[in-house]
Amino acid sequence: MVTAAIFRAAATVMLLVLSFSTCQAQLSSTFYGDTCPNALSTIRTSITSAIARECRMAASLIRLHFHDCFVQGCDASILLDNSPSITSEKFVTQNNNSVRGFEVIDEAKSAVENLSPGVVSCADILAVAAGDASEYVSQIAIRHVGGPSWTVKLGRKDSTTASASLASRDLPRFAGGLQRLIDLFESKGLSERDMVALSGSHTIGQAQCVTFRDRIYSNGSDIDAGFASTRGRNCPATFPNGNGNLAPLDLVTPNSFDNNYFRNLLQKKGLLQSDQVLFSGGYQRLQKEPFNFQIRFMIKMGDIEPLTGSAGIIRRICSRVN
């Protein structure tokens with residue numbers, strides 16, 4: 001009886017391993033090669049057009065992909081609106097009036113639907129958009145001679161559910177401490193190095209005054225006084241005045257995907273407290289790796305718990321279930 005129980009347990013473990021392996025194997029860079037061969041170029045056209053109109057959109061699309069993958073996996077759950085059966089993730093503290101780019105994903109989705117209806121998932125569009133956004137601004141950083149890029153694996157399906165409670169629990173907060181950040185990333189199978197790589201994407205984009213007010217008026221020892229004074233010009237000390245006022249995360253090269261973010265931390269010029277705590281965690285050495293480590297992270301992030309095969313659906317409109 002004991003032997004039989006052990007055998008059943010071993011068989012269960014083997015099935016889980018095979019299931020996981022199959023899930024990973026179903027992601028492929030050529031997934032739409034036969035069903036929608038022009039999918040990637042069509043998505044790229046939509047994404048690059050949006051970033052050309054507003055460079056800030058590059059950072060927004062990278063962040064949108066991250067906030068999707070950290071909540072029940074890379075399944076486009078963040079795109080779902082409220083409905084009688086769904087409480088949207090869009091309105092939790094970490095996303096509300098902050099995460100953006102939904103209309104860009106909708107435009108890309110509409111374009112591929114015109115080519116091949118019901119074939120390309122919203123989850124894959126999010127992943128491709130993040131890759132295209134990173135490459136676009138990387139080219140700016142190195143004067144258009146060709147920025148870092150990676151081959152995005154495809155084949156994710158879309159979820160039929162969203163989870164506001166998981167979003168509230170699992171998404172980092174701008175004032176989070178170092179250990180909390182480490183714990184969140186480890187819960188997704190990501191390392192401390194991966195955590196720093198993601199934070200490096202803060203080399204582009206902007207933050208609202210409400211997210212950094214406490215830091216610049218703290219008179220703390222971990223912030224450069226001149227930097228704090230400069231940032232205070234557009235961020236009044238009194239809440240809620242100027243809450244939505246924007247400031248670039250990187251004052252020097254705000255629209256370039258480079259490693260200047262890490263130099264800012266070394267100079268105590270990290271805009272967000274959750275960024276500056278990385279310096280105290282001993283991650284200064286990563287400033288010497290301008291791009292490659294961020295690319296490795298983006299690939300790993302896109303592999304977080306995708307729905308593949310018979311799991312999930314292909315939404316025809318990203319904001320609602322078919």
# chains A, B, ... in the order shown; residues from 1 in each chain; ligands from 1
>>> residues_around(residues="Val92 (chain A)", least_positions_apart="4", cutoff="8 Å", atoms="only C-alpha atoms", output="list of chain:residue names")
A:Asn96, A:Ala164, A:Ala167, A:Ser168
>>> residues_around(residues="region 80-89 of chain A", least_positions_apart="2", cutoff="8 Å", atoms="only C-alpha atoms", output="PDB file with C-alpha atoms, in the first residue's frame")
ATOM      1  CA  ALA A  76      -3.881  39.938 -20.554  1.00  0.00           C
ATOM      2  CA  SER A  77      -6.068  39.987 -17.443  1.00  0.00           C
ATOM      3  CA  ILE A  78      -5.038  43.604 -16.847  1.00  0.00           C
ATOM      4  CA  PHE A  91      -8.436  50.285 -10.472  1.00  0.00           C
ATOM      5  CA  VAL A  92      -6.217  48.874  -7.727  1.00  0.00           C
ATOM      6  CA  ASN A  95      -2.707  50.715 -11.473  1.00  0.00           C
ATOM      7  CA  THR A 161     -10.946  36.276 -15.465  1.00  0.00           C
ATOM      8  CA  ALA A 162      -9.127  39.088 -13.674  1.00  0.00           C
ATOM      9  CA  SER A 163      -8.151  39.434 -10.025  1.00  0.00           C
ATOM     10  CA  ALA A 164      -8.122  42.816  -8.343  1.00  0.00           C
ATOM     11  CA  ALA A 167      -3.150  42.712  -8.286  1.00  0.00           C
ATOM     12  CA  CYS A 318      -9.096  42.815 -25.345  1.00  0.00           C
ATOM     13  CA  SER A 319     -11.210  44.574 -22.718  1.00  0.00           C
ATOM     14  CA  ARG A 320     -13.912  41.923 -22.488  1.00  0.00           C
ATOM     15  CA  VAL A 321     -14.468  38.195 -22.643  1.00  0.00           C
TER      16      VAL A 321
END
>>> atom_distance(atom1="CA of Lys300 (chain A)", atom2="CA of Ser116 (chain A)")
28.0 Å
>>> select_by_dssp(residues="region 77-225 of chain A", states="alpha helix (DSSP H)", output="ChimeraX atom specification")
/A:102-115,122-141,164-170,178-187,192-199,209-216,225
>>> closest_residue(among="A:Arg315, A:Gln179, A:Ser229, A:Tyr136", to="Arg56 (chain A)", atoms="only C-alpha atoms")
A:Tyr136
>>> closest_residue(among="A:Ser165, A:Phe262, A:Gly131, A:Pro248", to="Leu40 (chain A)", atoms="only C-alpha atoms")
A:Gly131
>>> closest_residue(among="A:Asn322, A:Gln276, A:Thr160, A:Ser121", to="Phe31 (chain A)", atoms="only C-alpha atoms")
A:Ser121
>>> atom_distance(atom1="CA of Leu266 (chain A)", atom2="CA of Asp222 (chain A)")
9.9 Å
>>> residues_around(residues="Val277 (chain A)", least_positions_apart="3", cutoff="9 Å", atoms="only C-alpha atoms", output="PyMOL selection string")
chain A and resi 176-178+222+265+270+272-274+280-281
>>> closest_residue(among="A:Glu103, A:Gln267, A:Lys157, A:Asp194", to="Ala225 (chain A)", atoms="only C-alpha atoms")
A:Gln267
